[in-house]
$ cat protein23.pdb   # PDB, C-alpha atoms
ATOM      1  CA  MET I   1     193.474-131.515-118.124
ATOM      2  CA  LYS I   2     193.484-127.886-119.235
ATOM      3  CA  VAL I   3     190.623-125.667-120.348
ATOM      4  CA  ASP I   4     190.528-123.200-123.212
ATOM      5  CA  ILE I   5     188.198-120.247-122.778
ATOM      6  CA  GLU I   6     186.962-117.955-125.522
ATOM      7  CA  TYR I   7     186.322-114.927-123.330
ATOM      8  CA  ALA I   8     184.821-112.967-126.242
ATOM      9  CA  ARG I   9     182.158-115.667-126.568
ATOM     10  CA  CYS I  10     181.241-115.758-122.885
ATOM     11  CA  GLU I  11     177.896-114.074-122.193
ATOM     12  CA  GLY I  12     178.058-114.430-118.401
ATOM     13  CA  HIS I  13     175.260-116.960-117.987
ATOM     14  CA  GLY I  14     177.131-118.415-115.015
ATOM     15  CA  LEU I  15     176.268-122.055-115.612
ATOM     16  CA  CYS I  16     179.958-122.958-115.378
ATOM     17  CA  THR I  17     180.144-121.303-111.968
ATOM     18  CA  MET I  18     177.294-123.493-110.761
ATOM     19  CA  GLN I  19     178.936-126.684-112.036
ATOM     20  CA  ALA I  20     182.496-125.908-110.927
ATOM     21  CA  PRO I  21     182.523-122.988-108.462
ATOM     22  CA  ASP I  22     186.090-123.758-107.372
ATOM     23  CA  ALA I  23     187.301-123.215-110.931
ATOM     24  CA  PHE I  24     185.026-120.502-112.379
ATOM     25  CA  HIS I  25     183.729-117.243-110.935
ATOM     26  CA  LEU I  26     181.892-114.240-112.360
ATOM     27  CA  ASP I  27     183.229-110.945-111.013
ATOM     28  CA  ASP I  28     181.085-107.948-110.098
ATOM     29  CA  ASP I  29     181.055-106.866-113.752
ATOM     30  CA  GLY I  30     179.879-110.294-114.930
ATOM     31  CA  GLU I  31     183.286-111.168-116.409
ATOM     32  CA  LEU I  32     184.456-114.759-116.179
ATOM     33  CA  ASN I  33     187.466-115.504-113.989
ATOM     34  CA  TYR I  34     189.158-118.861-114.261
ATOM     35  CA  ARG I  35     191.284-120.010-111.345
ATOM     36  CA  PHE I  36     193.538-122.403-113.270
ATOM     37  CA  ARG I  37     194.492-120.265-116.268
ATOM     38  CA  GLY I  38     197.518-121.884-117.919
ATOM     39  CA  GLN I  39     197.600-124.701-115.363
ATOM     40  CA  ASP I  40     196.363-128.246-115.123
ATOM     41  CA  ILE I  41     193.142-128.691-113.191
ATOM     42  CA  PRO I  42     193.476-130.888-110.102
ATOM     43  CA  THR I  43     192.337-134.409-110.927
ATOM     44  CA  TYR I  44     189.575-134.384-108.310
ATOM     45  CA  MET I  45     187.944-131.386-110.071
ATOM     46  CA  GLU I  46     187.953-132.749-113.617
ATOM     47  CA  GLY I  47     184.401-134.117-113.467
ATOM     48  CA  ASP I  48     182.967-130.797-112.285
ATOM     49  CA  VAL I  49     184.925-128.870-114.901
ATOM     50  CA  ARG I  50     183.770-131.200-117.685
ATOM     51  CA  SER I  51     180.192-130.621-116.495
ATOM     52  CA  ALA I  52     180.833-126.877-116.675
ATOM     53  CA  ILE I  53     182.155-127.218-120.226
ATOM     54  CA  ASP I  54     179.060-129.190-121.237
ATOM     55  CA  ALA I  55     176.744-126.679-119.537
ATOM     56  CA  CYS I  56     178.026-123.600-121.369
ATOM     57  CA  PRO I  57     175.219-122.517-123.721
ATOM     58  CA  VAL I  58     177.556-120.591-126.027
ATOM     59  CA  ALA I  59     180.414-123.140-126.119
ATOM     60  CA  ALA I  60     182.939-120.666-124.680
ATOM     61  CA  LEU I  61     184.708-123.468-122.802
ATOM     62  CA  SER I  62     186.535-126.465-124.208
ATOM     63  CA  GLU I  63     188.886-129.127-122.923
ATOM     64  CA  ARG I  64     192.426-128.968-124.239
ATOM     65  CA  ALA I  65     194.017-132.315-125.022
TER      66      ALA I  65
END

$ encode --input "protein23.pdb" --output "structure tokens"
Amino acid sequence: MKVDIEYARCEGHGLCTMQAPDAFHLDDDGELNYRFRGQDIPTYMEGDVRSAIDACPVAALSERA
């Protein structure tokens, strides 16, 4: 599983960081950092990452097939 992120859409609400803190992090400037950029997410984290995708209020995150 891979994730696409529309960084321009992200408003820094941080809900993804609450759902999947090992994958998403907001830096000191409120910018989203994604640990697995261009990589597959470890299988054991897929549920948390899907929850993060669903939690994003501005739909900045999506699962790539």

$ resolve_selection --input "protein23.pdb" --expression "the PyMOL selection byres ((chain I and resi 48) around 10)" --output "list in words"
Cys16, Thr17, Met18, Gln19, Ala20, Pro21, Asp22, Ala23, Tyr44, Met45, Glu46, Gly47, Val49, Arg50, Ser51, Ala52, Ile53 and Asp54 of chain I

$ axis_aligned_box --input "protein23.pdb" --around "segment 4-11 of chain I" --padding-each-side "3 Å" --output "JSON"
{"center_x": 184.2, "center_y": -118.1, "center_z": -124.4, "size_x": 18.6, "size_y": 16.2, "size_z": 10.4}

$ resolve_selection --input "protein23.pdb" --expression "the PyMOL selection byres ((chain I and resi 14) around 9)" --output "PDB file with C-alpha atoms, keeping the file's coordinate frame"
ATOM      1  CA  GLU I  11     177.896-114.074-122.193  1.00  0.00           C
ATOM      2  CA  GLY I  12     178.058-114.430-118.401  1.00  0.00           C
ATOM      3  CA  HIS I  13     175.260-116.960-117.987  1.00  0.00           C
ATOM      4  CA  LEU I  15     176.268-122.055-115.612  1.00  0.00           C
ATOM      5  CA  CYS I  16     179.958-122.958-115.378  1.00  0.00           C
ATOM      6  CA  THR I  17     180.144-121.303-111.968  1.00  0.00           C
ATOM      7  CA  MET I  18     177.294-123.493-110.761  1.00  0.00           C
ATOM      8  CA  GLN I  19     178.936-126.684-112.036  1.00  0.00           C
ATOM      9  CA  PHE I  24     185.026-120.502-112.379  1.00  0.00           C
ATOM     10  CA  HIS I  25     183.729-117.243-110.935  1.00  0.00           C
ATOM     11  CA  LEU I  26     181.892-114.240-112.360  1.00  0.00           C
ATOM     12  CA  GLY I  30     179.879-110.294-114.930  1.00  0.00           C
ATOM     13  CA  LEU I  32     184.456-114.759-116.179  1.00  0.00           C
ATOM     14  CA  CYS I  56     178.026-123.600-121.369  1.00  0.00           C
TER      15      CYS I  56
END

$ atom_distance --input "protein23.pdb" --atom1 "atom CA of Glu63 of chain I" --atom2 "atom CA of Met1 of chain I"
7.1 Å

$ resolve_selection --input "protein23.pdb" --expression "the PyMOL selection byres ((chain I and resi 38-41) around 6)" --output "ChimeraX atom specification"
/I:1-2,36-37,42

$ write_last_selection --input "protein23.pdb" --atoms "C-alpha atoms" --output "CSV table (one decimal), keeping the file's coordinate frame"
chain,number,residue,atom,x,y,z
I,1,MET,CA,193.5,-131.5,-118.1
I,2,LYS,CA,193.5,-127.9,-119.2
I,36,PHE,CA,193.5,-122.4,-113.3
I,37,ARG,CA,194.5,-120.3,-116.3
I,42,PRO,CA,193.5,-130.9,-110.1

$ atom_distance --input "protein23.pdb" --atom1 "atom CA of Ala60 of chain I" --atom2 "atom CA of Arg9 of chain I"
5.4 Å

$ atom_distance --input "protein23.pdb" --atom1 "atom CA of Ala8 of chain I" --atom2 "atom CA of Asn33 of chain I"
12.8 Å

$ closest_residue --input "protein23.pdb" --among "I:Asp28, I:Arg35, I:Ala59, I:Ala65" --to "Tyr7 of chain I" --atoms "all atoms listed in the file"
I:Ala59

$ decode --input "protein23.pdb" --residues "segment 1-36 of chain I" --atoms "N, CA and C atoms" --output "CSV table (one decimal), in the first residue's frame"
chain,number,residue,atom,x,y,z
I,1,MET,N,0.8,-1.2,0.0
I,1,MET,CA,0.0,0.0,0.0
I,1,MET,C,0.9,1.2,0.0
I,2,LYS,N,0.5,2.2,-0.9
I,2,LYS,CA,1.2,3.5,-0.9
I,2,LYS,C,0.2,4.6,-0.7
I,3,VAL,N,0.6,5.7,-0.3
I,3,VAL,CA,-0.3,6.9,0.0
I,3,VAL,C,0.1,8.0,-0.9
I,4,ASP,N,-0.9,8.7,-1.5
I,4,ASP,CA,-0.7,9.9,-2.2
I,4,ASP,C,-1.1,11.1,-1.3
I,5,ILE,N,-0.3,12.1,-1.2
I,5,ILE,CA,-0.6,13.3,-0.4
I,5,ILE,C,-0.6,14.5,-1.3
I,6,GLU,N,-1.7,15.3,-1.1
I,6,GLU,CA,-1.7,16.6,-1.8
I,6,GLU,C,-1.3,17.6,-0.7
I,7,TYR,N,0.0,17.9,-0.7
I,7,TYR,CA,0.5,18.8,0.3
I,7,TYR,C,-0.2,20.2,0.3
I,8,ALA,N,-0.5,20.6,-0.9
I,8,ALA,CA,-1.1,22.0,-1.0
I,8,ALA,C,-2.5,22.0,-0.4
I,9,ARG,N,-3.1,20.8,-0.3
I,9,ARG,CA,-4.5,20.7,0.4
I,9,ARG,C,-4.4,20.7,1.9
I,10,CYS,N,-3.3,20.1,2.4
I,10,CYS,CA,-3.2,19.9,3.8
I,10,CYS,C,-3.2,21.2,4.6
I,11,GLU,N,-4.1,21.3,5.6
I,11,GLU,CA,-4.2,22.4,6.4
I,11,GLU,C,-3.6,22.3,7.8
I,12,GLY,N,-3.0,21.1,8.1
I,12,GLY,CA,-2.3,20.9,9.3
I,12,GLY,C,-3.2,20.6,10.5
I,13,HIS,N,-4.3,20.0,10.3
I,13,HIS,CA,-5.2,19.7,11.4
I,13,HIS,C,-4.6,18.6,12.3
I,14,GLY,N,-3.7,17.8,11.7
I,14,GLY,CA,-3.0,16.8,12.6
I,14,GLY,C,-3.8,15.5,12.9
I,15,LEU,N,-5.0,15.3,12.3
I,15,LEU,CA,-5.7,14.1,12.6
I,15,LEU,C,-5.0,12.9,12.1
I,16,CYS,N,-4.3,13.0,11.0
I,16,CYS,CA,-3.5,11.8,10.5
I,16,CYS,C,-2.4,11.5,11.5
I,17,THR,N,-1.8,12.5,12.1
I,17,THR,CA,-0.8,12.2,13.1
I,17,THR,C,-1.3,11.5,14.3
I,18,MET,N,-2.5,11.7,14.6
I,18,MET,CA,-3.1,11.0,15.8
I,18,MET,C,-3.5,9.6,15.4
I,19,GLN,N,-3.9,9.3,14.2
I,19,GLN,CA,-4.3,8.0,13.8
I,19,GLN,C,-3.1,7.1,13.5
I,20,ALA,N,-2.0,7.7,12.9
I,20,ALA,CA,-0.9,6.9,12.4
I,20,ALA,C,0.4,7.7,12.7
I,21,PRO,N,0.8,7.9,14.0
I,21,PRO,CA,1.9,8.7,14.4
I,21,PRO,C,3.3,8.2,13.9
I,22,ASP,N,3.3,6.9,13.5
I,22,ASP,CA,4.6,6.3,13.0
I,22,ASP,C,4.7,6.6,11.5
I,23,ALA,N,3.7,7.1,10.9
I,23,ALA,CA,3.7,7.4,9.5
I,23,ALA,C,3.7,8.9,9.2
I,24,PHE,N,2.9,9.7,10.0
I,24,PHE,CA,2.7,11.1,9.7
I,24,PHE,C,3.2,11.9,10.9
I,25,HIS,N,3.8,13.1,10.6
I,25,HIS,CA,4.2,14.0,11.7
I,25,HIS,C,4.1,15.4,11.2
I,26,LEU,N,3.7,16.3,12.0
I,26,LEU,CA,3.7,17.8,11.7
I,26,LEU,C,5.0,18.4,12.3
I,27,ASP,N,5.7,19.1,11.4
I,27,ASP,CA,7.0,19.7,11.9
I,27,ASP,C,6.6,21.0,12.7
I,28,ASP,N,7.7,21.7,13.2
I,28,ASP,CA,7.5,22.9,14.0
I,28,ASP,C,6.7,24.0,13.2
I,29,ASP,N,6.7,23.9,11.9
I,29,ASP,CA,6.0,24.9,11.1
I,29,ASP,C,4.6,24.5,10.7
I,30,GLY,N,4.2,23.3,11.2
I,30,GLY,CA,2.9,22.8,10.9
I,30,GLY,C,2.8,22.1,9.6
I,31,GLU,N,4.0,21.8,9.0
I,31,GLU,CA,4.0,21.1,7.6
I,31,GLU,C,4.0,19.6,7.9
I,32,LEU,N,3.3,18.9,7.0
I,32,LEU,CA,3.1,17.5,7.1
I,32,LEU,C,4.4,16.8,6.6
I,33,ASN,N,4.9,15.9,7.4
I,33,ASN,CA,6.0,15.0,7.0
I,33,ASN,C,5.5,13.6,6.9
I,34,TYR,N,5.8,12.9,5.9
I,34,TYR,CA,5.4,11.5,5.7
I,34,TYR,C,6.6,10.6,5.6
I,35,ARG,N,6.7,9.7,6.5
I,35,ARG,CA,7.8,8.8,6.7
I,35,ARG,C,8.1,7.9,5.5
I,36,PHE,N,7.0,7.4,4.8
I,36,PHE,CA,7.1,6.4,3.8
I,36,PHE,C,7.0,7.0,2.4
